[in-house]
Protein chains: 2
Amino acid sequence: MRTVDGRNLTYDLRETLGRAIVGGAFEEGFPTESELSRTHGLSRSVTREAVKMLTAKGLLSARPRVGTIVEPSDRWNLLDPDVLRWLLERQFSLDLLRQFSELRLAIEPTAAALAAQFQSSPAITAIEDAFARMQAAAAGQDDVLKADIQFHIAILQATQNPFFRQFEEMVRTALHTSIQFTNRFSGHTANIDQHGDVLEAIRTGEGDRARAVMYRLIDEVLGMIDQAQRDENAEEAASSAVAVVRRANANETAAGAG
Amino acid sequence: MRTVDGRNLTYDLRETLGRAIVGGAFEEGFPTESELSRTHGLSRSVTREAVKMLTAKGLLSARPRVGTIVEPSDRWNLLDPDVLRWLLERQFSLDLLRQFSELRLAIEPTAAALAAQFQSSPAITAIEDAFARMQAAAAGQDDVLKADIQFHIAILQATQNPFFRQFEEMVRTALHTSIQFTNRFSGHTANIDQHGDVLEAIRTGEGDRARAVMYRLIDEVLGMIDQAQRDENAEEAASSAVAVVRRANANETAAGAG
DNA sequence: GCAAAAAAATTTATCAGATAAATTGCCGGG
DNA sequence: CCCGGCAATTTATCTGATAAATTTTTTTGC
């Protein structure tokens, strides 16, 4: 079992194929299982099991004589952590980041409001810990991004709702990607005060306030993304000189990643 | 290939095992693949492929010598349509319905607000059509539940955001389950007026109003569920006579399913 | 010539059996 | 008591064959 970067051959192949499918390879047809086995130098069982796993995630479907085909992307399980990861690995996309952030705009403010219902829960302590890390990070004693992520994750956990907890992986990925974007902006600071407000609102059981502050926090990120997209379009349409000015303006209003 | 209720044997086994796992069988250990093959009278390849698909959904994991084990439920991909379906098939649970509805409270108001950004889109027509069906249903000329579902789905579609569209299956399931619950209440009407308000707000591009109305709509469902849960607890604690009165009170404030 | 039926070809689905690899647990030696 | 090696168990992988489903081609009947 000479496996390259994973636990076993099936895992490796699933990973390779998943990335390739999401990346848009195979748009002119997916190979047959015997072709796949041959080109990858693997047995049919490994090939079939990898294909089956991708089928379970909505990426593929197979029928006798017809062969295996890539499903249209609106059938993909985008909320599956693997699919999501493959989607992001292929390239940075402002559009995808925006769609992501729109989802966060739905999930996280509500999560904060739910968390506020459990002020006394030990889960709230985890939010406090994360906030302490953010403060430490602001003083250069901790990692800013990690603390930020931990804060948002802790709130999802504190909802006591398994459906919200499912978004942990997504938010983690979103913030990792987000930082890649917000780093373009000079004025990027993690926005400690607003995070502190969210914590305070949760701690005092003010669900509506927690929701509102979290909403504003993410909405600002969304604003930055929209601005950047307008800039991109402007760069395409007009000559480049104009867009540079606009980008400079955008920098002035830039806020944190989340 | 004498398949029972599906397209093929692997599909059947995946379905059977998925339901069983989520239903809490196998809490004292999952069988080995040779045992599984033997008890179901299937070849090892079929067994292995079914297990691999469930692994892809986070329900199982397998390691040599250790065997195949059921993952703790917080690792399950709850947002996977199959997992979700299995979860609901096992039994009606007020708790699950509430957690569901909390998620809807996050997703759908935001979806309505996003849809309002595309007032001119043809997707808005689909919402109008669904609303027309709801009106027809109110007059006894169409199916109330189906029209209701179509309305909510149409809004998710109109977001132009693939992540929101992923919730179609979930909302569909939630509403089907929801009706099972709201039917207990005598005053159950589909709440046409509020739905009309959402449509109107979307049509005029008033995102905030669309969000607010949709929020209220779902929050009312949530209120009913909470009341029902309090009743259940009361029934447990006290003698049953008291709860009957409370249930009667709850009926008076009962609203639609969504 | 054309339509329906039959046959052929292709691809996945399933079965069977063997070997390899990984992991655990035991047991003996120090 | 701990550590290394040996044995046992279970999944992982390979191979080859047959079955089933579906499409394509060919043949047949009129």
# chains A, B, ... in the order shown; residues from 1 in each chain; ligands from 1

call {"tool": "residues_around", "arguments": {"residues": "segment 7-11 of chain D", "least_positions_apart": "6", "cutoff": "8 Å", "atoms": "only C-alpha atoms (C1' of nucleotides)", "output": "mmCIF file with C-alpha atoms, in the first residue's frame"}}
result
data_model
loop_
_atom_site.group_PDB
_atom_site.id
_atom_site.type_symbol
_atom_site.label_atom_id
_atom_site.label_comp_id
_atom_site.auth_asym_id
_atom_site.auth_seq_id
_atom_site.Cartn_x
_atom_site.Cartn_y
_atom_site.Cartn_z
ATOM 1 C CA THR B 32 -17.467 -6.626 10.437
ATOM 2 C CA ALA B 62 -13.218 1.922 9.174
ATOM 3 C CA ARG B 63 -9.726 0.851 10.080
ATOM 4 C CA PRO B 64 -7.949 -2.459 9.706
ATOM 5 C CA ARG B 65 -8.103 -4.698 12.718
ATOM 6 C CA VAL B 66 -10.344 -2.214 14.559
ATOM 7 C CA GLY B 67 -13.281 -2.761 12.274
#

call {"tool": "interface_residues", "arguments": {"of": "chain C", "to": "chain A", "cutoff": "7 Å", "atoms": "only C-alpha atoms (C1' of nucleotides)", "output": "PyMOL selection string"}}
result
chain C and resi 10-12+21

call {"tool": "closest_atom_pairs", "arguments": {"of": "chain D", "to": "chain A", "cutoff": "9 Å", "atoms": "only C-alpha atoms (C1' of nucleotides)", "output": "CSV"}}
result
residue,atom,partner,partner_atom,distance
D:DA12,C1',A:Asn8,CA,7.9
D:DT13,C1',A:Ser43,CA,7.1
D:DC14,C1',A:Ser43,CA,6.0
D:DT15,C1',A:Ser43,CA,8.4
D:DA20,C1',A:Pro64,CA,8.2
D:DA21,C1',A:Pro64,CA,5.5
D:DT22,C1',A:Arg65,CA,5.4
D:DT23,C1',A:Arg65,CA,7.0

call {"tool": "residues_around", "arguments": {"residues": "segment 1-4 of chain C", "least_positions_apart": "6", "cutoff": "12 Å", "atoms": "only C-alpha atoms (C1' of nucleotides)", "output": "MDAnalysis selection string"}}
result
chainID D and resid 27:30

call {"tool": "select_by_dssp", "arguments": {"residues": "segment 3-214 of chain A", "states": "helix (DSSP H, G or I)", "output": "compact mmCIF listing (two decimals) with N, CA and C atoms, in the first residue's frame"}}
result
# COMPACT_ATOMS: atom_id res chain seq x y z
N LEU A 9 -5.32 4.14 -0.56
CA LEU A 9 -5.44 4.44 -1.99
C LEU A 9 -6.80 5.01 -2.35
N THR A 10 -7.84 4.41 -1.75
CA THR A 10 -9.19 4.90 -2.03
C THR A 10 -9.32 6.37 -1.64
N TYR A 11 -8.77 6.69 -0.48
CA TYR A 11 -8.80 8.07 0.00
C TYR A 11 -8.09 9.00 -0.98
N ASP A 12 -6.91 8.59 -1.41
CA ASP A 12 -6.14 9.41 -2.34
C ASP A 12 -6.91 9.65 -3.63
N LEU A 13 -7.48 8.57 -4.16
CA LEU A 13 -8.17 8.69 -5.43
C LEU A 13 -9.41 9.57 -5.30
N ARG A 14 -10.14 9.36 -4.21
CA ARG A 14 -11.32 10.19 -3.95
C ARG A 14 -10.93 11.66 -3.94
N GLU A 15 -9.84 11.94 -3.26
CA GLU A 15 -9.36 13.32 -3.14
C GLU A 15 -8.98 13.88 -4.51
N THR A 16 -8.22 13.11 -5.24
CA THR A 16 -7.77 13.55 -6.56
C THR A 16 -8.96 13.81 -7.49
N LEU A 17 -9.85 12.83 -7.53
CA LEU A 17 -11.00 12.95 -8.43
C LEU A 17 -11.94 14.07 -7.99
N GLY A 18 -12.16 14.17 -6.69
CA GLY A 18 -13.04 15.23 -6.18
C GLY A 18 -12.54 16.60 -6.59
N ARG A 19 -11.29 16.84 -6.36
CA ARG A 19 -10.69 18.12 -6.76
C ARG A 19 -10.84 18.35 -8.25
N ALA A 20 -10.54 17.30 -9.02
CA ALA A 20 -10.57 17.42 -10.48
C ALA A 20 -11.98 17.73 -10.98
N ILE A 21 -12.96 17.01 -10.44
CA ILE A 21 -14.35 17.21 -10.87
C ILE A 21 -14.78 18.64 -10.58
N VAL A 22 -14.59 19.05 -9.33
CA VAL A 22 -15.00 20.39 -8.93
C VAL A 22 -14.22 21.45 -9.69
N GLU A 33 -14.78 3.07 -15.59
CA GLU A 33 -14.04 2.60 -14.42
C GLU A 33 -12.79 1.82 -14.83
N SER A 34 -12.82 1.18 -15.98
CA SER A 34 -11.61 0.45 -16.40
C SER A 34 -10.54 1.43 -16.87
N GLU A 35 -10.97 2.51 -17.52
CA GLU A 35 -10.01 3.54 -17.92
C GLU A 35 -9.37 4.18 -16.69
N LEU A 36 -10.23 4.53 -15.73
CA LEU A 36 -9.75 5.15 -14.49
C LEU A 36 -8.72 4.26 -13.81
N SER A 37 -9.05 2.98 -13.69
CA SER A 37 -8.14 2.04 -13.05
C SER A 37 -6.81 2.02 -13.79
N ARG A 38 -6.89 1.98 -15.10
CA ARG A 38 -5.68 1.88 -15.91
C ARG A 38 -4.82 3.14 -15.75
N THR A 39 -5.44 4.32 -15.93
CA THR A 39 -4.65 5.55 -15.89
C THR A 39 -4.06 5.82 -14.51
N HIS A 40 -4.73 5.36 -13.47
CA HIS A 40 -4.19 5.60 -12.13
C HIS A 40 -3.41 4.41 -11.59
N ARG A 44 -9.76 -2.26 -9.78
CA ARG A 44 -11.13 -1.79 -9.98
C ARG A 44 -11.85 -1.56 -8.65
N SER A 45 -11.54 -2.33 -7.64
CA SER A 45 -12.24 -2.15 -6.36
C SER A 45 -11.95 -0.76 -5.77
N VAL A 46 -10.68 -0.38 -5.78
CA VAL A 46 -10.34 0.94 -5.27
C VAL A 46 -11.05 2.01 -6.08
N THR A 47 -10.99 1.87 -7.38
CA THR A 47 -11.64 2.85 -8.25
C THR A 47 -13.14 2.95 -7.96
N ARG A 48 -13.77 1.79 -7.90
CA ARG A 48 -15.22 1.78 -7.68
C ARG A 48 -15.60 2.39 -6.33
N GLU A 49 -14.81 2.09 -5.30
CA GLU A 49 -15.14 2.62 -3.98
C GLU A 49 -14.96 4.14 -3.93
N ALA A 50 -13.94 4.63 -4.59
CA ALA A 50 -13.75 6.08 -4.63
C ALA A 50 -14.91 6.75 -5.37
N VAL A 51 -15.29 6.17 -6.49
CA VAL A 51 -16.41 6.71 -7.27
C VAL A 51 -17.69 6.70 -6.44
N LYS A 52 -17.89 5.62 -5.70
CA LYS A 52 -19.09 5.51 -4.87
C LYS A 52 -19.14 6.62 -3.81
N MET A 53 -18.00 6.97 -3.25
CA MET A 53 -17.97 8.00 -2.23
C MET A 53 -18.31 9.36 -2.84
N LEU A 54 -17.82 9.58 -4.06
CA LEU A 54 -18.14 10.84 -4.73
C LEU A 54 -19.60 10.88 -5.15
N THR A 55 -20.13 9.71 -5.45
CA THR A 55 -21.56 9.61 -5.76
C THR A 55 -22.38 10.01 -4.53
N ALA A 56 -21.91 9.57 -3.35
CA ALA A 56 -22.62 9.89 -2.11
C ALA A 56 -22.62 11.38 -1.82
N SER A 73 -23.64 20.92 -11.45
CA SER A 73 -23.12 21.42 -10.17
C SER A 73 -24.22 21.78 -9.18
N ASP A 74 -25.44 22.00 -9.65
CA ASP A 74 -26.48 22.33 -8.68
C ASP A 74 -26.98 21.09 -7.95
N ARG A 75 -26.46 19.93 -8.32
CA ARG A 75 -26.79 18.73 -7.57
C ARG A 75 -25.72 18.39 -6.55
N PRO A 81 -18.35 19.16 3.76
CA PRO A 81 -17.05 19.78 4.00
C PRO A 81 -16.02 19.48 2.90
N ASP A 82 -16.01 18.26 2.40
CA ASP A 82 -15.05 17.92 1.35
C ASP A 82 -15.32 18.69 0.06
N VAL A 83 -16.56 18.69 -0.35
CA VAL A 83 -16.93 19.39 -1.58
C VAL A 83 -16.56 20.86 -1.46
N LEU A 84 -16.88 21.42 -0.32
CA LEU A 84 -16.60 22.83 -0.07
C LEU A 84 -15.10 23.11 -0.17
N ARG A 85 -14.33 22.24 0.43
CA ARG A 85 -12.88 22.41 0.42
C ARG A 85 -12.35 22.34 -1.00
N TRP A 86 -12.82 21.34 -1.75
CA TRP A 86 -12.36 21.22 -3.13
C TRP A 86 -12.72 22.46 -3.94
N LEU A 87 -13.88 22.99 -3.64
CA LEU A 87 -14.36 24.17 -4.35
C LEU A 87 -13.43 25.35 -4.12
N LEU A 88 -12.91 25.44 -2.92
CA LEU A 88 -12.06 26.58 -2.59
C LEU A 88 -10.62 26.36 -3.03
N GLU A 89 -10.21 25.09 -3.01
CA GLU A 89 -8.82 24.82 -3.38
C GLU A 89 -8.55 25.16 -4.84
N LEU A 94 -13.92 35.74 -5.85
CA LEU A 94 -14.66 36.75 -5.10
C LEU A 94 -16.14 36.39 -5.04
N ASP A 95 -16.63 35.82 -6.13
CA ASP A 95 -18.03 35.45 -6.19
C ASP A 95 -18.37 34.40 -5.14
N LEU A 96 -17.53 33.39 -5.07
CA LEU A 96 -17.74 32.33 -4.10
C LEU A 96 -17.65 32.87 -2.68
N LEU A 97 -16.68 33.74 -2.46
CA LEU A 97 -16.52 34.32 -1.13
C LEU A 97 -17.75 35.13 -0.74
N ARG A 98 -18.31 35.82 -1.71
CA ARG A 98 -19.52 36.60 -1.42
C ARG A 98 -20.68 35.68 -1.06
N GLN A 99 -20.87 34.63 -1.84
CA GLN A 99 -21.96 33.69 -1.58
C GLN A 99 -21.81 33.04 -0.21
N PHE A 100 -20.60 32.70 0.11
CA PHE A 100 -20.24 32.22 1.43
C PHE A 100 -20.66 33.17 2.51
N SER A 101 -20.26 34.40 2.33
CA SER A 101 -20.48 35.40 3.37
C SER A 101 -21.96 35.70 3.51
N GLU A 102 -22.70 35.58 2.42
CA GLU A 102 -24.15 35.73 2.51
C GLU A 102 -24.74 34.64 3.40
N LEU A 103 -24.19 33.47 3.30
CA LEU A 103 -24.65 32.38 4.15
C LEU A 103 -24.29 32.65 5.61
N ARG A 104 -23.09 33.13 5.82
CA ARG A 104 -22.69 33.49 7.19
C ARG A 104 -23.63 34.55 7.74
N LEU A 105 -24.07 35.46 6.89
CA LEU A 105 -24.98 36.52 7.30
C LEU A 105 -26.31 35.95 7.78
N ALA A 106 -26.64 34.78 7.27
CA ALA A 106 -27.85 34.12 7.72
C ALA A 106 -27.59 33.36 9.01
N ILE A 107 -26.52 32.59 9.03
CA ILE A 107 -26.28 31.66 10.14
C ILE A 107 -25.81 32.34 11.42
N GLU A 108 -24.77 33.15 11.30
CA GLU A 108 -24.08 33.58 12.52
C GLU A 108 -24.86 34.55 13.41
N PRO A 109 -25.57 35.51 12.85
CA PRO A 109 -26.36 36.37 13.74
C PRO A 109 -27.42 35.57 14.50
N THR A 110 -28.07 34.65 13.82
CA THR A 110 -29.06 33.81 14.50
C THR A 110 -28.38 32.95 15.56
N ALA A 111 -27.20 32.44 15.22
CA ALA A 111 -26.46 31.63 16.19
C ALA A 111 -26.16 32.45 17.45
N ALA A 112 -25.76 33.68 17.26
CA ALA A 112 -25.46 34.54 18.41
C ALA A 112 -26.71 34.74 19.25
N ALA A 113 -27.83 34.94 18.59
CA ALA A 113 -29.09 35.12 19.32
C ALA A 113 -29.45 33.86 20.11
N LEU A 114 -29.26 32.71 19.50
CA LEU A 114 -29.55 31.46 20.18
C LEU A 114 -28.61 31.26 21.37
N ALA A 115 -27.35 31.58 21.16
CA ALA A 115 -26.37 31.41 22.23
C ALA A 115 -26.75 32.24 23.45
N ALA A 116 -27.34 33.40 23.18
CA ALA A 116 -27.72 34.30 24.28
C ALA A 116 -28.79 33.69 25.18
N GLN A 117 -29.49 32.69 24.66
CA GLN A 117 -30.50 32.02 25.49
C GLN A 117 -29.87 31.16 26.57
N PHE A 118 -28.59 30.87 26.40
CA PHE A 118 -27.92 29.98 27.35
C PHE A 118 -26.79 30.70 28.08
N PRO A 122 -21.77 26.50 30.15
CA PRO A 122 -20.31 26.47 30.09
C PRO A 122 -19.80 26.79 28.68
N ALA A 123 -20.65 26.63 27.68
CA ALA A 123 -20.23 26.93 26.31
C ALA A 123 -19.90 28.41 26.15
N ILE A 124 -20.53 29.22 27.00
CA ILE A 124 -20.26 30.66 26.92
C ILE A 124 -18.82 30.95 27.34
N THR A 125 -18.33 30.16 28.26
CA THR A 125 -16.94 30.32 28.70
C THR A 125 -15.98 30.20 27.52
N ALA A 126 -16.31 29.29 26.62
CA ALA A 126 -15.46 29.10 25.44
C ALA A 126 -15.42 30.36 24.59
N ILE A 127 -16.55 31.05 24.52
CA ILE A 127 -16.58 32.31 23.77
C ILE A 127 -15.69 33.34 24.47
N GLU A 128 -15.81 33.37 25.78
CA GLU A 128 -14.99 34.31 26.56
C GLU A 128 -13.51 34.02 26.36
N ASP A 129 -13.16 32.75 26.38
CA ASP A 129 -11.76 32.37 26.18
C ASP A 129 -11.26 32.84 24.81
N ALA A 130 -12.10 32.64 23.82
CA ALA A 130 -11.72 33.03 22.47
C ALA A 130 -11.53 34.54 22.39
N PHE A 131 -12.41 35.25 23.06
CA PHE A 131 -12.29 36.71 23.05
C PHE A 131 -11.00 37.16 23.74
N ALA A 132 -10.68 36.49 24.82
CA ALA A 132 -9.42 36.79 25.51
C ALA A 132 -8.24 36.57 24.57
N ARG A 133 -8.31 35.51 23.79
CA ARG A 133 -7.24 35.25 22.82
C ARG A 133 -7.16 36.38 21.79
N MET A 134 -8.33 36.88 21.38
CA MET A 134 -8.34 37.96 20.40
C MET A 134 -7.65 39.20 20.97
N GLN A 135 -7.93 39.45 22.24
CA GLN A 135 -7.29 40.61 22.87
C GLN A 135 -5.78 40.41 22.96
N ALA A 136 -5.41 39.19 23.32
CA ALA A 136 -3.98 38.87 23.40
C ALA A 136 -3.34 39.02 22.02
N ALA A 137 -4.06 38.57 21.00
CA ALA A 137 -3.53 38.64 19.64
C ALA A 137 -3.34 40.09 19.20
N ALA A 138 -4.28 40.94 19.64
CA ALA A 138 -4.19 42.35 19.29
C ALA A 138 -2.91 42.95 19.87
N VAL A 144 -3.89 36.18 15.32
CA VAL A 144 -5.14 36.92 15.13
C VAL A 144 -6.21 36.05 14.46
N LEU A 145 -5.84 35.43 13.36
CA LEU A 145 -6.81 34.64 12.60
C LEU A 145 -7.37 33.48 13.42
N LYS A 146 -6.47 32.77 14.10
CA LYS A 146 -6.91 31.62 14.89
C LYS A 146 -7.87 32.03 15.99
N ALA A 147 -7.56 33.13 16.65
CA ALA A 147 -8.43 33.61 17.72
C ALA A 147 -9.79 34.01 17.15
N ASP A 148 -9.76 34.68 16.02
CA ASP A 148 -10.99 35.11 15.36
C ASP A 148 -11.86 33.90 15.03
N ILE A 149 -11.24 32.90 14.41
CA ILE A 149 -11.96 31.69 14.06
C ILE A 149 -12.55 31.03 15.30
N GLN A 150 -11.73 30.92 16.32
CA GLN A 150 -12.19 30.26 17.55
C GLN A 150 -13.41 30.97 18.14
N PHE A 151 -13.43 32.27 18.03
CA PHE A 151 -14.55 33.05 18.56
C PHE A 151 -15.85 32.69 17.83
N HIS A 152 -15.77 32.69 16.51
CA HIS A 152 -16.98 32.41 15.74
C HIS A 152 -17.45 30.97 15.90
N ILE A 153 -16.49 30.06 15.98
CA ILE A 153 -16.83 28.65 16.19
C ILE A 153 -17.51 28.46 17.54
N ALA A 154 -16.96 29.11 18.55
CA ALA A 154 -17.50 28.94 19.91
C ALA A 154 -18.96 29.36 19.97
N ILE A 155 -19.31 30.37 19.21
CA ILE A 155 -20.71 30.82 19.20
C ILE A 155 -21.60 29.77 18.54
N LEU A 156 -21.12 29.21 17.46
CA LEU A 156 -21.90 28.14 16.81
C LEU A 156 -22.13 27.00 17.79
N GLN A 157 -21.07 26.64 18.52
CA GLN A 157 -21.19 25.54 19.48
C GLN A 157 -22.19 25.88 20.57
N ALA A 158 -22.20 27.13 20.97
CA ALA A 158 -23.04 27.54 22.10
C ALA A 158 -24.53 27.57 21.77
N PRO A 162 -27.42 21.13 16.87
CA PRO A 162 -26.49 20.39 16.01
C PRO A 162 -26.44 20.90 14.57
N PHE A 163 -27.53 21.46 14.09
CA PHE A 163 -27.52 21.97 12.72
C PHE A 163 -26.58 23.17 12.59
N PHE A 164 -26.59 24.02 13.58
CA PHE A 164 -25.68 25.17 13.55
C PHE A 164 -24.24 24.71 13.72
N ARG A 165 -24.06 23.70 14.52
CA ARG A 165 -22.70 23.20 14.74
C ARG A 165 -22.09 22.67 13.46
N GLU A 168 -19.46 24.71 11.51
CA GLU A 168 -18.11 24.96 12.02
C GLU A 168 -17.07 24.88 10.91
N GLU A 169 -17.10 23.78 10.20
CA GLU A 169 -16.11 23.58 9.15
C GLU A 169 -16.20 24.68 8.09
N MET A 170 -17.43 25.01 7.75
CA MET A 170 -17.66 26.03 6.73
C MET A 170 -17.12 27.39 7.14
N VAL A 171 -17.40 27.78 8.37
CA VAL A 171 -16.95 29.08 8.86
C VAL A 171 -15.42 29.10 8.95
N ARG A 172 -14.89 27.99 9.39
CA ARG A 172 -13.44 27.87 9.47
C ARG A 172 -12.81 28.13 8.09
N THR A 173 -13.35 27.45 7.11
CA THR A 173 -12.85 27.60 5.75
C THR A 173 -13.07 29.02 5.24
N ALA A 174 -14.26 29.53 5.52
CA ALA A 174 -14.61 30.86 5.03
C ALA A 174 -13.65 31.91 5.59
N LEU A 175 -13.33 31.78 6.86
CA LEU A 175 -12.46 32.78 7.46
C LEU A 175 -11.03 32.65 6.95
N HIS A 176 -10.59 31.41 6.74
CA HIS A 176 -9.26 31.22 6.17
C HIS A 176 -9.18 31.88 4.79
N THR A 177 -10.25 31.71 4.02
CA THR A 177 -10.29 32.30 2.69
C THR A 177 -10.43 33.81 2.78
N SER A 178 -11.25 34.20 3.73
CA SER A 178 -11.55 35.61 3.90
C SER A 178 -10.29 36.42 4.15
N ILE A 179 -9.43 35.87 4.97
CA ILE A 179 -8.23 36.61 5.35
C ILE A 179 -7.35 36.87 4.13
N GLN A 180 -7.37 35.90 3.24
CA GLN A 180 -6.62 36.01 1.99
C GLN A 180 -7.07 37.26 1.24
N PHE A 181 -8.35 37.55 1.43
CA PHE A 181 -8.95 38.68 0.73
C PHE A 181 -8.75 39.98 1.49
N THR A 182 -9.08 39.95 2.77
CA THR A 182 -9.03 41.19 3.55
C THR A 182 -7.60 41.69 3.75
N ILE A 192 -11.96 44.24 17.30
CA ILE A 192 -12.15 43.70 18.65
C ILE A 192 -13.41 44.21 19.33
N ASP A 193 -13.64 45.50 19.19
CA ASP A 193 -14.76 46.10 19.92
C ASP A 193 -16.09 45.44 19.59
N GLN A 194 -16.34 45.27 18.30
CA GLN A 194 -17.62 44.66 17.91
C GLN A 194 -17.72 43.24 18.44
N HIS A 195 -16.62 42.49 18.36
CA HIS A 195 -16.64 41.13 18.90
C HIS A 195 -16.96 41.17 20.39
N GLY A 196 -16.37 42.14 21.07
CA GLY A 196 -16.64 42.29 22.50
C GLY A 196 -18.12 42.58 22.76
N ASP A 197 -18.71 43.39 21.90
CA ASP A 197 -20.14 43.70 22.04
C ASP A 197 -20.99 42.44 21.90
N VAL A 198 -20.62 41.62 20.92
CA VAL A 198 -21.36 40.37 20.73
C VAL A 198 -21.28 39.53 22.01
N LEU A 199 -20.07 39.37 22.52
CA LEU A 199 -19.88 38.58 23.73
C LEU A 199 -20.72 39.14 24.88
N GLU A 200 -20.65 40.43 25.05
CA GLU A 200 -21.38 41.07 26.16
C GLU A 200 -22.88 40.83 26.03
N ALA A 201 -23.39 40.96 24.81
CA ALA A 201 -24.82 40.76 24.58
C ALA A 201 -25.22 39.32 24.88
N ILE A 202 -24.38 38.39 24.49
CA ILE A 202 -24.66 36.98 24.77
C ILE A 202 -24.66 36.73 26.28
N ARG A 203 -23.64 37.32 26.92
CA ARG A 203 -23.48 37.09 28.34
C ARG A 203 -24.66 37.62 29.14
N GLY A 207 -30.43 38.59 23.23
CA GLY A 207 -30.38 37.91 21.94
C GLY A 207 -30.46 38.85 20.76
N ASP A 208 -31.39 39.79 20.83
CA ASP A 208 -31.58 40.69 19.69
C ASP A 208 -30.35 41.54 19.44
N ARG A 209 -29.72 42.00 20.53
CA ARG A 209 -28.54 42.82 20.36
C ARG A 209 -27.38 41.98 19.80
N ALA A 210 -27.23 40.79 20.32
CA ALA A 210 -26.18 39.89 19.83
C ALA A 210 -26.35 39.67 18.33
N ARG A 211 -27.58 39.43 17.93
CA ARG A 211 -27.87 39.22 16.52
C ARG A 211 -27.49 40.46 15.69
N ALA A 212 -27.90 41.59 16.19
CA ALA A 212 -27.69 42.83 15.43
C ALA A 212 -26.21 43.14 15.25
N VAL A 213 -25.45 43.00 16.32
CA VAL A 213 -24.03 43.32 16.24
C VAL A 213 -23.30 42.33 15.32
N MET A 214 -23.62 41.06 15.48
CA MET A 214 -23.00 40.05 14.61
C MET A 214 -23.37 40.31 13.15

call {"tool": "atom_distance", "arguments": {"atom1": "atom CA of Phe92 of chain B", "atom2": "atom CA of Ala237 of chain B"}}
result
21.4 Å

call {"tool": "atom_distance", "arguments": {"atom1": "atom CA of Leu79 of chain B", "atom2": "atom CA of Glu27 of chain B"}}
result
22.2 Å

call {"tool": "residues_around", "arguments": {"residues": "DT26 of chain D", "least_positions_apart": "6", "cutoff": "12 Å", "atoms": "only C-alpha atoms (C1' of nucleotides)", "output": "PDB file with N, CA and C atoms (P, O5', C5', C4', C3', O3' and C1' of nucleotides), in the first residue's frame"}}
result
ATOM      1  P    DA C   5     -42.624  -5.501 -31.940  1.00  0.00           P
ATOM      2  O5'  DA C   5     -41.541  -6.661 -32.066  1.00  0.00           O
ATOM      3  C5'  DA C   5     -41.552  -7.502 -33.221  1.00  0.00           C
ATOM      4  C4'  DA C   5     -40.182  -8.118 -33.411  1.00  0.00           C
ATOM      5  C3'  DA C   5     -39.568  -8.646 -32.119  1.00  0.00           C
ATOM      6  O3'  DA C   5     -39.139  -9.981 -32.321  1.00  0.00           O
ATOM      7  C1'  DA C   5     -38.028  -7.235 -33.252  1.00  0.00           C
ATOM      8  P    DA C   6     -38.651 -10.867 -31.110  1.00  0.00           P
ATOM      9  O5'  DA C   6     -37.123 -11.092 -31.496  1.00  0.00           O
ATOM     10  C5'  DA C   6     -36.770 -11.340 -32.865  1.00  0.00           C
ATOM     11  C4'  DA C   6     -35.279 -11.108 -33.051  1.00  0.00           C
ATOM     12  C3'  DA C   6     -34.424 -11.695 -31.941  1.00  0.00           C
ATOM     13  O3'  DA C   6     -33.425 -12.517 -32.528  1.00  0.00           O
ATOM     14  C1'  DA C   6     -33.830  -9.437 -32.352  1.00  0.00           C
ATOM     15  P    DA C   7     -32.483 -13.396 -31.632  1.00  0.00           P
ATOM     16  O5'  DA C   7     -31.080 -12.660 -31.815  1.00  0.00           O
ATOM     17  C5'  DA C   7     -30.670 -12.264 -33.125  1.00  0.00           C
ATOM     18  C4'  DA C   7     -29.489 -11.320 -33.025  1.00  0.00           C
ATOM     19  C3'  DA C   7     -28.411 -11.773 -32.038  1.00  0.00           C
ATOM     20  O3'  DA C   7     -27.165 -11.781 -32.709  1.00  0.00           O
ATOM     21  C1'  DA C   7     -29.006  -9.515 -31.641  1.00  0.00           C
ATOM     22  P    DA C   8     -25.846 -12.234 -31.950  1.00  0.00           P
ATOM     23  O5'  DA C   8     -25.098 -10.844 -31.745  1.00  0.00           O
ATOM     24  C5'  DA C   8     -25.022  -9.923 -32.835  1.00  0.00           C
ATOM     25  C4'  DA C   8     -24.371  -8.633 -32.366  1.00  0.00           C
ATOM     26  C3'  DA C   8     -23.140  -8.841 -31.485  1.00  0.00           C
ATOM     27  O3'  DA C   8     -22.135  -7.941 -31.930  1.00  0.00           O
ATOM     28  C1'  DA C   8     -24.688  -7.447 -30.370  1.00  0.00           C
ATOM     29  P    DA C   9     -20.655  -8.053 -31.336  1.00  0.00           P
ATOM     30  O5'  DA C   9     -20.525  -6.695 -30.525  1.00  0.00           O
ATOM     31  C5'  DA C   9     -21.056  -5.495 -31.104  1.00  0.00           C
ATOM     32  C4'  DA C   9     -21.070  -4.393 -30.065  1.00  0.00           C
ATOM     33  C3'  DA C   9     -19.856  -4.409 -29.126  1.00  0.00           C
ATOM     34  O3'  DA C   9     -19.415  -3.072 -28.954  1.00  0.00           O
ATOM     35  C1'  DA C   9     -21.846  -4.457 -27.855  1.00  0.00           C
TER      36       DA C   9
END

call {"tool": "closest_residue", "arguments": {"among": "B:Gln141, B:Asn77, B:Gln229, B:Gln119", "to": "chain A", "atoms": "only C-alpha atoms"}}
result
B:Asn77
